[in-house]
>>> print(open('model-v2.cif').read())   # mmCIF, C-alpha atoms; chains and numbers go by the auth columns
data_entry
#
loop_
_atom_site.group_PDB
_atom_site.id
_atom_site.type_symbol
_atom_site.label_atom_id
_atom_site.label_comp_id
_atom_site.label_asym_id
_atom_site.label_seq_id
_atom_site.Cartn_x
_atom_site.Cartn_y
_atom_site.Cartn_z
_atom_site.B_iso_or_equiv
_atom_site.auth_seq_id
_atom_site.auth_asym_id
ATOM 1 C CA MET A 1 -11.800 2.470 -28.604 0.00 1 A
ATOM 2 C CA SER A 2 -12.944 -0.552 -30.552 0.00 2 A
ATOM 3 C CA ASP A 3 -11.401 -4.002 -30.577 0.00 3 A
ATOM 4 C CA ALA A 4 -8.795 -2.519 -32.921 0.00 4 A
ATOM 5 C CA ARG A 5 -5.503 -2.060 -31.139 0.00 5 A
ATOM 6 C CA PRO A 6 -4.522 1.549 -30.527 0.00 6 A
ATOM 7 C CA VAL A 7 -1.500 2.927 -32.321 0.00 7 A
ATOM 8 C CA LEU A 8 0.991 3.709 -29.583 0.00 8 A
ATOM 9 C CA PRO A 9 3.268 6.674 -30.259 0.00 9 A
ATOM 10 C CA GLU A 10 6.954 5.855 -30.587 0.00 10 A
ATOM 11 C CA PRO A 11 9.152 6.759 -27.615 0.00 11 A
ATOM 12 C CA ASP A 12 11.286 9.857 -28.074 0.00 12 A
ATOM 13 C CA ALA A 13 14.882 9.387 -29.205 0.00 13 A
ATOM 14 C CA GLY A 14 16.942 8.410 -26.176 0.00 14 A
ATOM 15 C CA GLU A 15 13.886 7.864 -23.979 0.00 15 A
ATOM 16 C CA THR A 16 14.606 5.246 -21.337 0.00 16 A
ATOM 17 C CA GLY A 17 11.744 5.750 -18.894 0.00 17 A
ATOM 18 C CA PRO A 18 8.545 3.765 -18.619 0.00 18 A
ATOM 19 C CA TYR A 19 5.633 4.046 -21.042 0.00 19 A
ATOM 20 C CA ALA A 20 2.446 5.363 -19.439 0.00 20 A
ATOM 21 C CA HIS A 21 -1.173 5.526 -20.535 0.00 21 A
ATOM 22 C CA LEU A 22 -4.312 7.250 -19.315 0.00 22 A
ATOM 23 C CA GLY A 23 -7.770 5.954 -20.161 0.00 23 A
ATOM 24 C CA PHE A 24 -10.954 7.957 -19.689 0.00 24 A
ATOM 25 C CA CYS A 25 -14.641 7.076 -19.812 0.00 25 A
ATOM 26 C CA LYS A 26 -17.978 8.406 -18.598 0.00 26 A
ATOM 27 C CA ALA A 27 -20.576 5.862 -17.495 0.00 27 A
ATOM 28 C CA LYS A 28 -24.117 6.220 -18.751 0.00 28 A
ATOM 29 C CA PRO A 29 -26.619 7.113 -16.021 0.00 29 A
ATOM 30 C CA GLY A 30 -27.430 4.092 -13.870 0.00 30 A
ATOM 31 C CA HIS A 31 -24.326 2.141 -14.991 0.00 31 A
ATOM 32 C CA GLU A 32 -21.674 3.813 -12.839 0.00 32 A
ATOM 33 C CA ASP A 33 -21.161 0.928 -10.417 0.00 33 A
ATOM 34 C CA GLU A 34 -21.154 -1.662 -13.208 0.00 34 A
ATOM 35 C CA VAL A 35 -18.483 0.280 -15.099 0.00 35 A
ATOM 36 C CA GLU A 36 -16.424 0.537 -11.925 0.00 36 A
ATOM 37 C CA ARG A 37 -16.768 -3.219 -11.326 0.00 37 A
ATOM 38 C CA LEU A 38 -15.579 -3.966 -14.885 0.00 38 A
ATOM 39 C CA ILE A 39 -12.598 -1.638 -14.604 0.00 39 A
ATOM 40 C CA LEU A 40 -11.635 -3.038 -11.195 0.00 40 A
ATOM 41 C CA GLY A 41 -11.692 -6.492 -12.793 0.00 41 A
ATOM 42 C CA LEU A 42 -8.607 -5.427 -14.761 0.00 42 A
ATOM 43 C CA VAL A 43 -6.493 -4.774 -11.664 0.00 43 A
ATOM 44 C CA GLU A 44 -5.336 -8.287 -10.798 0.00 44 A
ATOM 45 C CA PRO A 45 -4.551 -9.619 -14.294 0.00 45 A
ATOM 46 C CA LEU A 46 -2.953 -6.376 -15.443 0.00 46 A
ATOM 47 C CA ARG A 47 -0.703 -6.047 -12.416 0.00 47 A
ATOM 48 C CA ALA A 48 0.424 -9.651 -12.980 0.00 48 A
ATOM 49 C CA GLU A 49 1.579 -8.961 -16.546 0.00 49 A
ATOM 50 C CA GLU A 50 5.274 -8.912 -17.278 0.00 50 A
ATOM 51 C CA GLY A 51 6.407 -5.333 -17.676 0.00 51 A
ATOM 52 C CA SER A 52 3.549 -3.844 -15.660 0.00 52 A
ATOM 53 C CA ILE A 53 4.768 -1.252 -13.163 0.00 53 A
ATOM 54 C CA GLU A 54 1.558 0.496 -12.045 0.00 54 A
ATOM 55 C CA PHE A 55 -2.172 0.290 -12.604 0.00 55 A
ATOM 56 C CA HIS A 56 -4.656 2.490 -10.771 0.00 56 A
ATOM 57 C CA VAL A 57 -8.376 3.140 -11.140 0.00 57 A
ATOM 58 C CA HIS A 58 -9.768 6.560 -10.257 0.00 58 A
ATOM 59 C CA ARG A 59 -13.295 7.921 -9.995 0.00 59 A
ATOM 60 C CA ASP A 60 -13.952 11.655 -10.116 0.00 60 A
ATOM 61 C CA ARG A 61 -15.041 13.027 -6.742 0.00 61 A
ATOM 62 C CA ALA A 62 -17.379 15.645 -8.242 0.00 62 A
ATOM 63 C CA ASP A 63 -18.851 13.511 -11.041 0.00 63 A
ATOM 64 C CA ARG A 64 -18.992 9.849 -9.984 0.00 64 A
ATOM 65 C CA SER A 65 -19.728 8.785 -13.569 0.00 65 A
ATOM 66 C CA GLN A 66 -16.226 9.837 -14.718 0.00 66 A
ATOM 67 C CA PHE A 67 -13.417 7.268 -14.580 0.00 67 A
ATOM 68 C CA VAL A 68 -9.703 7.572 -15.210 0.00 68 A
ATOM 69 C CA ILE A 69 -7.235 4.710 -15.327 0.00 69 A
ATOM 70 C CA TYR A 70 -3.496 5.148 -15.068 0.00 70 A
ATOM 71 C CA GLU A 71 -1.174 2.409 -16.184 0.00 71 A
ATOM 72 C CA MET A 72 2.580 2.323 -16.539 0.00 72 A
ATOM 73 C CA PHE A 73 4.618 -0.302 -18.306 0.00 73 A
ATOM 74 C CA ARG A 74 8.340 -0.825 -18.539 0.00 74 A
ATOM 75 C CA SER A 75 8.282 -0.211 -22.311 0.00 75 A
ATOM 76 C CA ARG A 76 6.085 0.475 -25.310 0.00 76 A
ATOM 77 C CA GLN A 77 6.437 -3.191 -26.268 0.00 77 A
ATOM 78 C CA ASP A 78 5.097 -4.279 -22.868 0.00 78 A
ATOM 79 C CA LEU A 79 2.062 -2.009 -23.297 0.00 79 A
ATOM 80 C CA GLU A 80 1.524 -3.383 -26.818 0.00 80 A
ATOM 81 C CA LYS A 81 1.508 -6.920 -25.408 0.00 81 A
ATOM 82 C CA HIS A 82 -1.001 -5.785 -22.798 0.00 82 A
ATOM 83 C CA VAL A 83 -3.489 -4.294 -25.272 0.00 83 A
ATOM 84 C CA ALA A 84 -3.331 -7.547 -27.273 0.00 84 A
ATOM 85 C CA GLN A 85 -4.514 -9.616 -24.278 0.00 85 A
ATOM 86 C CA PRO A 86 -7.910 -11.305 -24.750 0.00 86 A
ATOM 87 C CA TYR A 87 -9.147 -10.036 -21.367 0.00 87 A
ATOM 88 C CA VAL A 88 -8.519 -6.445 -22.514 0.00 88 A
ATOM 89 C CA HIS A 89 -10.609 -6.986 -25.639 0.00 89 A
ATOM 90 C CA GLU A 90 -13.342 -8.589 -23.534 0.00 90 A
ATOM 91 C CA PHE A 91 -13.311 -5.576 -21.195 0.00 91 A
ATOM 92 C CA VAL A 92 -13.693 -3.147 -24.108 0.00 92 A
ATOM 93 C CA ARG A 93 -16.545 -5.210 -25.549 0.00 93 A
ATOM 94 C CA ALA A 94 -18.331 -5.359 -22.181 0.00 94 A
ATOM 95 C CA VAL A 95 -17.881 -1.730 -21.142 0.00 95 A
ATOM 96 C CA GLN A 96 -18.544 0.028 -24.457 0.00 96 A
ATOM 97 C CA PRO A 97 -22.378 -0.168 -24.242 0.00 97 A
ATOM 98 C CA LEU A 98 -22.243 1.185 -20.670 0.00 98 A
ATOM 99 C CA VAL A 99 -20.289 4.371 -21.420 0.00 99 A
ATOM 100 C CA GLU A 100 -20.970 7.577 -23.306 0.00 100 A
ATOM 101 C CA GLY A 101 -18.996 7.753 -26.527 0.00 101 A
ATOM 102 C CA PRO A 102 -15.713 6.024 -27.221 0.00 102 A
ATOM 103 C CA LEU A 103 -13.122 5.243 -24.580 0.00 103 A
ATOM 104 C CA ARG A 104 -10.556 8.034 -24.680 0.00 104 A
ATOM 105 C CA GLN A 105 -6.816 7.530 -24.373 0.00 105 A
ATOM 106 C CA GLN A 106 -3.733 9.586 -23.743 0.00 106 A
ATOM 107 C CA PHE A 107 -0.151 8.339 -23.922 0.00 107 A
ATOM 108 C CA LEU A 108 2.374 9.951 -21.599 0.00 108 A
ATOM 109 C CA ARG A 109 6.114 10.485 -21.549 0.00 109 A
ATOM 110 C CA MET A 110 7.445 10.500 -18.001 0.00 110 A
ATOM 111 C CA SER A 111 9.528 13.578 -17.225 0.00 111 A
ATOM 112 C CA SER A 112 10.364 12.698 -13.615 0.00 112 A
ATOM 113 C CA THR A 113 12.261 9.626 -12.500 0.00 113 A
ATOM 114 C CA LEU A 114 10.830 6.551 -10.847 0.00 114 A
ATOM 115 C CA PRO A 115 11.488 6.089 -7.123 0.00 115 A
ATOM 116 C CA ALA A 116 14.425 3.822 -6.312 0.00 116 A
ATOM 117 C CA GLY A 117 13.549 0.174 -6.694 0.00 117 A
ATOM 118 C CA GLU A 118 10.891 0.684 -9.376 0.00 118 A
#
>>> encode(input="model-v2.cif", output="structure tokens")
Amino acid sequence: MSDARPVLPEPDAGETGPYAHLGFCKAKPGHEDEVERLILGLVEPLRAEEGSIEFHVHRDRADRSQFVIYEMFRSRQDLEKHVAQPYVHEFVRAVQPLVEGPLRQQFLRMSSTLPAGE
């Protein structure tokens, strides 16, 4: 992922659920903790964004260099606003030299329902 904004797939016809995203990266040897620190730096500002429902950072138990983020927004438009934030672009710029290859992304359609109150 470069500083170019990703093209988010359109929601399915009649889709009313949240818009979710997975991000994946593998830290270069010796940079695992720095990558984790950078990703964790996203937690507070992202969770404060309007439309943000969930944001979680995961580290693979078997391969500590592998990271997965899970984020859920109320709508595609809310996620688009998020990826346009300057702090997101700064994160990408800072983390890219510390990871192997490009940041990978997957966009999800929620099949289950959210718990009451979400």
>>> resolve_selection(input="model-v2.cif", expression="the PyMOL selection byres ((chain A and resi 111) around 10)", output="PyMOL selection string")
chain A and resi 15+17-18+108-110+112-114
>>> resolve_selection(input="model-v2.cif", expression="the PyMOL selection byres ((chain A and resi 20-29) around 6)", output="mmCIF file with C-alpha atoms, in the coordinates of the input")
data_model
loop_
_atom_site.group_PDB
_atom_site.id
_atom_site.type_symbol
_atom_site.label_atom_id
_atom_site.label_comp_id
_atom_site.auth_asym_id
_atom_site.auth_seq_id
_atom_site.Cartn_x
_atom_site.Cartn_y
_atom_site.Cartn_z
ATOM 1 C CA TYR A 19 5.633 4.046 -21.042
ATOM 2 C CA GLY A 30 -27.430 4.092 -13.870
ATOM 3 C CA HIS A 31 -24.326 2.141 -14.991
ATOM 4 C CA GLU A 32 -21.674 3.813 -12.839
ATOM 5 C CA SER A 65 -19.728 8.785 -13.569
ATOM 6 C CA GLN A 66 -16.226 9.837 -14.718
ATOM 7 C CA PHE A 67 -13.417 7.268 -14.580
ATOM 8 C CA VAL A 68 -9.703 7.572 -15.210
ATOM 9 C CA ILE A 69 -7.235 4.710 -15.327
ATOM 10 C CA TYR A 70 -3.496 5.148 -15.068
ATOM 11 C CA GLU A 71 -1.174 2.409 -16.184
ATOM 12 C CA MET A 72 2.580 2.323 -16.539
ATOM 13 C CA LEU A 98 -22.243 1.185 -20.670
ATOM 14 C CA VAL A 99 -20.289 4.371 -21.420
ATOM 15 C CA GLU A 100 -20.970 7.577 -23.306
ATOM 16 C CA LEU A 103 -13.122 5.243 -24.580
ATOM 17 C CA ARG A 104 -10.556 8.034 -24.680
ATOM 18 C CA GLN A 105 -6.816 7.530 -24.373
ATOM 19 C CA GLN A 106 -3.733 9.586 -23.743
ATOM 20 C CA PHE A 107 -0.151 8.339 -23.922
ATOM 21 C CA LEU A 108 2.374 9.951 -21.599
#
>>> closest_residue(input="model-v2.cif", among="A:Gly51, A:Arg61, A:Leu38, A:Pro45", to="Arg76 (chain A)", atoms="only C-alpha atoms")
A:Gly51
>>> axis_aligned_box(input="model-v2.cif", around="region 22-35 of chain A", padding_each_side="6 Å", output="AutoDock Vina command-line options")
--center_x -15.9 --center_y 3.4 --center_z -15.3 --size_x 35.1 --size_y 22.1 --size_z 21.7
>>> closest_residue(input="model-v2.cif", among="A:Arg59, A:Pro97, A:Pro6, A:Leu40", to="His82 (chain A)", atoms="only C-alpha atoms")
A:Pro6
>>> atom_distance(input="model-v2.cif", atom1="CA of Gln85 (chain A)", atom2="CA of Ile53 (chain A)")
16.7 Å
>>> closest_residue(input="model-v2.cif", among="A:Ala13, A:Ala62, A:Val7, A:Leu42", to="Phe91 (chain A)", atoms="all atoms listed in the file")
A:Leu42
>>> closest_residue(input="model-v2.cif", among="A:His56, A:Glu49, A:Val95, A:Gly41", to="Lys81 (chain A)", atoms="only C-alpha atoms")
A:Glu49
>>> atom_distance(input="model-v2.cif", atom1="CA of Glu50 (chain A)", atom2="CA of Leu79 (chain A)")
9.7 Å
>>> atom_distance(input="model-v2.cif", atom1="CA of Arg74 (chain A)", atom2="CA of Val43 (chain A)")
16.8 Å
>>> closest_residue(input="model-v2.cif", among="A:Pro115, A:Pro11, A:Gly101, A:Tyr87", to="Leu46 (chain A)", atoms="only C-alpha atoms")
A:Tyr87
>>> closest_residue(input="model-v2.cif", among="A:Asp33, A:Ser52, A:His58, A:Arg93", to="Glu80 (chain A)", atoms="all atoms listed in the file")
A:Ser52
>>> decode(input="model-v2.cif", residues="region 71-87 of chain A", atoms="all heavy atoms", output="compact mmCIF listing (two decimals), in the first residue's frame")
# COMPACT_ATOMS: atom_id res chain seq x y z
N GLU A 71 -10.41 -3.75 11.43
CA GLU A 71 -11.13 -2.52 11.70
C GLU A 71 -12.51 -2.59 11.08
O GLU A 71 -12.70 -3.20 10.02
CB GLU A 71 -10.36 -1.29 11.21
CG GLU A 71 -9.98 -1.29 9.77
CD GLU A 71 -9.03 -0.16 9.42
OE1 GLU A 71 -8.88 0.79 10.20
OE2 GLU A 71 -8.45 -0.22 8.33
N MET A 72 -13.47 -2.01 11.77
CA MET A 72 -14.85 -2.01 11.31
C MET A 72 -15.39 -0.59 11.44
O MET A 72 -15.24 0.05 12.48
CB MET A 72 -15.70 -2.96 12.16
CG MET A 72 -17.13 -3.08 11.68
SD MET A 72 -18.23 -3.95 12.84
CE MET A 72 -17.27 -5.33 13.36
N PHE A 73 -15.98 -0.15 10.36
CA PHE A 73 -16.59 1.17 10.32
C PHE A 73 -18.08 1.04 10.00
O PHE A 73 -18.51 0.06 9.40
CB PHE A 73 -15.90 2.06 9.28
CG PHE A 73 -14.57 2.56 9.73
CD1 PHE A 73 -13.44 1.78 9.61
CD2 PHE A 73 -14.45 3.81 10.31
CE1 PHE A 73 -12.21 2.23 10.05
CE2 PHE A 73 -13.22 4.28 10.76
CZ PHE A 73 -12.10 3.49 10.62
N ARG A 74 -18.81 2.04 10.38
CA ARG A 74 -20.25 2.06 10.17
C ARG A 74 -20.60 1.94 8.68
O ARG A 74 -21.61 1.32 8.33
CB ARG A 74 -20.80 3.36 10.76
CG ARG A 74 -22.28 3.50 10.79
CD ARG A 74 -22.69 4.81 11.45
NE ARG A 74 -21.97 5.92 10.82
CZ ARG A 74 -21.55 7.01 11.45
NH1 ARG A 74 -21.79 7.16 12.73
NH2 ARG A 74 -20.92 7.96 10.82
N SER A 75 -19.77 2.53 7.81
CA SER A 75 -20.07 2.53 6.38
C SER A 75 -18.79 2.62 5.57
O SER A 75 -17.72 2.93 6.10
CB SER A 75 -20.96 3.73 6.03
OG SER A 75 -20.21 4.94 6.19
N ARG A 76 -18.93 2.37 4.29
CA ARG A 76 -17.81 2.53 3.36
C ARG A 76 -17.30 3.97 3.39
O ARG A 76 -16.10 4.22 3.38
CB ARG A 76 -18.26 2.16 1.95
CG ARG A 76 -17.18 2.36 0.90
CD ARG A 76 -17.73 1.93 -0.47
NE ARG A 76 -16.73 2.08 -1.49
CZ ARG A 76 -16.78 2.99 -2.46
NH1 ARG A 76 -17.81 3.82 -2.53
NH2 ARG A 76 -15.83 3.06 -3.36
N GLN A 77 -18.22 4.92 3.45
CA GLN A 77 -17.83 6.33 3.47
C GLN A 77 -17.00 6.66 4.71
O GLN A 77 -16.03 7.43 4.63
CB GLN A 77 -19.08 7.24 3.41
CG GLN A 77 -19.81 7.18 2.10
CD GLN A 77 -20.66 5.92 1.92
OE1 GLN A 77 -20.98 5.21 2.89
NE2 GLN A 77 -21.02 5.61 0.68
N ASP A 78 -17.35 6.07 5.85
CA ASP A 78 -16.56 6.30 7.07
C ASP A 78 -15.15 5.73 6.92
O ASP A 78 -14.18 6.34 7.37
CB ASP A 78 -17.25 5.70 8.29
CG ASP A 78 -18.49 6.47 8.69
OD1 ASP A 78 -18.50 7.71 8.58
OD2 ASP A 78 -19.48 5.82 9.11
N LEU A 79 -15.03 4.56 6.30
CA LEU A 79 -13.70 3.99 6.08
C LEU A 79 -12.92 4.83 5.08
O LEU A 79 -11.71 5.04 5.24
CB LEU A 79 -13.79 2.53 5.62
CG LEU A 79 -12.46 1.81 5.38
CD1 LEU A 79 -11.53 1.87 6.58
CD2 LEU A 79 -12.71 0.35 4.98
N GLU A 80 -13.57 5.35 4.06
CA GLU A 80 -12.90 6.25 3.10
C GLU A 80 -12.35 7.49 3.80
O GLU A 80 -11.25 7.93 3.51
CB GLU A 80 -13.85 6.64 1.97
CG GLU A 80 -14.10 5.53 0.99
CD GLU A 80 -15.11 5.90 -0.08
OE1 GLU A 80 -16.03 6.70 0.20
OE2 GLU A 80 -14.99 5.36 -1.19
N LYS A 81 -13.14 8.06 4.70
CA LYS A 81 -12.67 9.23 5.46
C LYS A 81 -11.45 8.85 6.30
O LYS A 81 -10.51 9.63 6.42
CB LYS A 81 -13.78 9.76 6.37
CG LYS A 81 -14.89 10.45 5.64
CD LYS A 81 -15.98 10.88 6.62
CE LYS A 81 -17.23 11.30 5.92
NZ LYS A 81 -18.33 11.54 6.87
N HIS A 82 -11.50 7.66 6.87
CA HIS A 82 -10.38 7.19 7.69
C HIS A 82 -9.09 7.10 6.87
O HIS A 82 -8.05 7.61 7.29
CB HIS A 82 -10.71 5.84 8.31
CG HIS A 82 -9.51 5.09 8.78
ND1 HIS A 82 -8.73 5.53 9.84
CD2 HIS A 82 -8.93 3.96 8.32
CE1 HIS A 82 -7.73 4.68 10.00
NE2 HIS A 82 -7.82 3.73 9.09
N VAL A 83 -9.14 6.43 5.72
CA VAL A 83 -7.90 6.25 4.95
C VAL A 83 -7.36 7.56 4.39
O VAL A 83 -6.20 7.63 4.01
CB VAL A 83 -8.05 5.19 3.83
CG1 VAL A 83 -8.38 3.83 4.41
CG2 VAL A 83 -9.07 5.60 2.78
N ALA A 84 -8.18 8.61 4.40
CA ALA A 84 -7.72 9.93 3.95
C ALA A 84 -7.04 10.73 5.06
O ALA A 84 -6.44 11.78 4.79
CB ALA A 84 -8.91 10.72 3.39
N GLN A 85 -7.08 10.23 6.30
CA GLN A 85 -6.51 10.96 7.43
C GLN A 85 -4.99 11.09 7.30
O GLN A 85 -4.31 10.11 6.96
CB GLN A 85 -6.85 10.25 8.74
CG GLN A 85 -8.31 10.23 9.09
CD GLN A 85 -8.84 11.61 9.37
OE1 GLN A 85 -8.20 12.43 10.02
NE2 GLN A 85 -10.04 11.87 8.88
N PRO A 86 -4.44 12.25 7.60
CA PRO A 86 -2.98 12.42 7.53
C PRO A 86 -2.22 11.42 8.40
O PRO A 86 -1.15 10.94 8.00
CB PRO A 86 -2.76 13.86 8.01
CG PRO A 86 -4.04 14.55 7.71
CD PRO A 86 -5.12 13.51 7.90
N TYR A 87 -2.73 11.08 9.58
CA TYR A 87 -2.00 10.15 10.44
C TYR A 87 -1.92 8.76 9.82
O TYR A 87 -0.96 8.02 10.07
CB TYR A 87 -2.58 10.11 11.85
CG TYR A 87 -3.81 9.28 12.05
CD1 TYR A 87 -3.73 7.92 12.36
CD2 TYR A 87 -5.08 9.84 11.95
CE1 TYR A 87 -4.86 7.15 12.56
CE2 TYR A 87 -6.21 9.08 12.15
CZ TYR A 87 -6.10 7.74 12.44
OH TYR A 87 -7.23 6.99 12.64
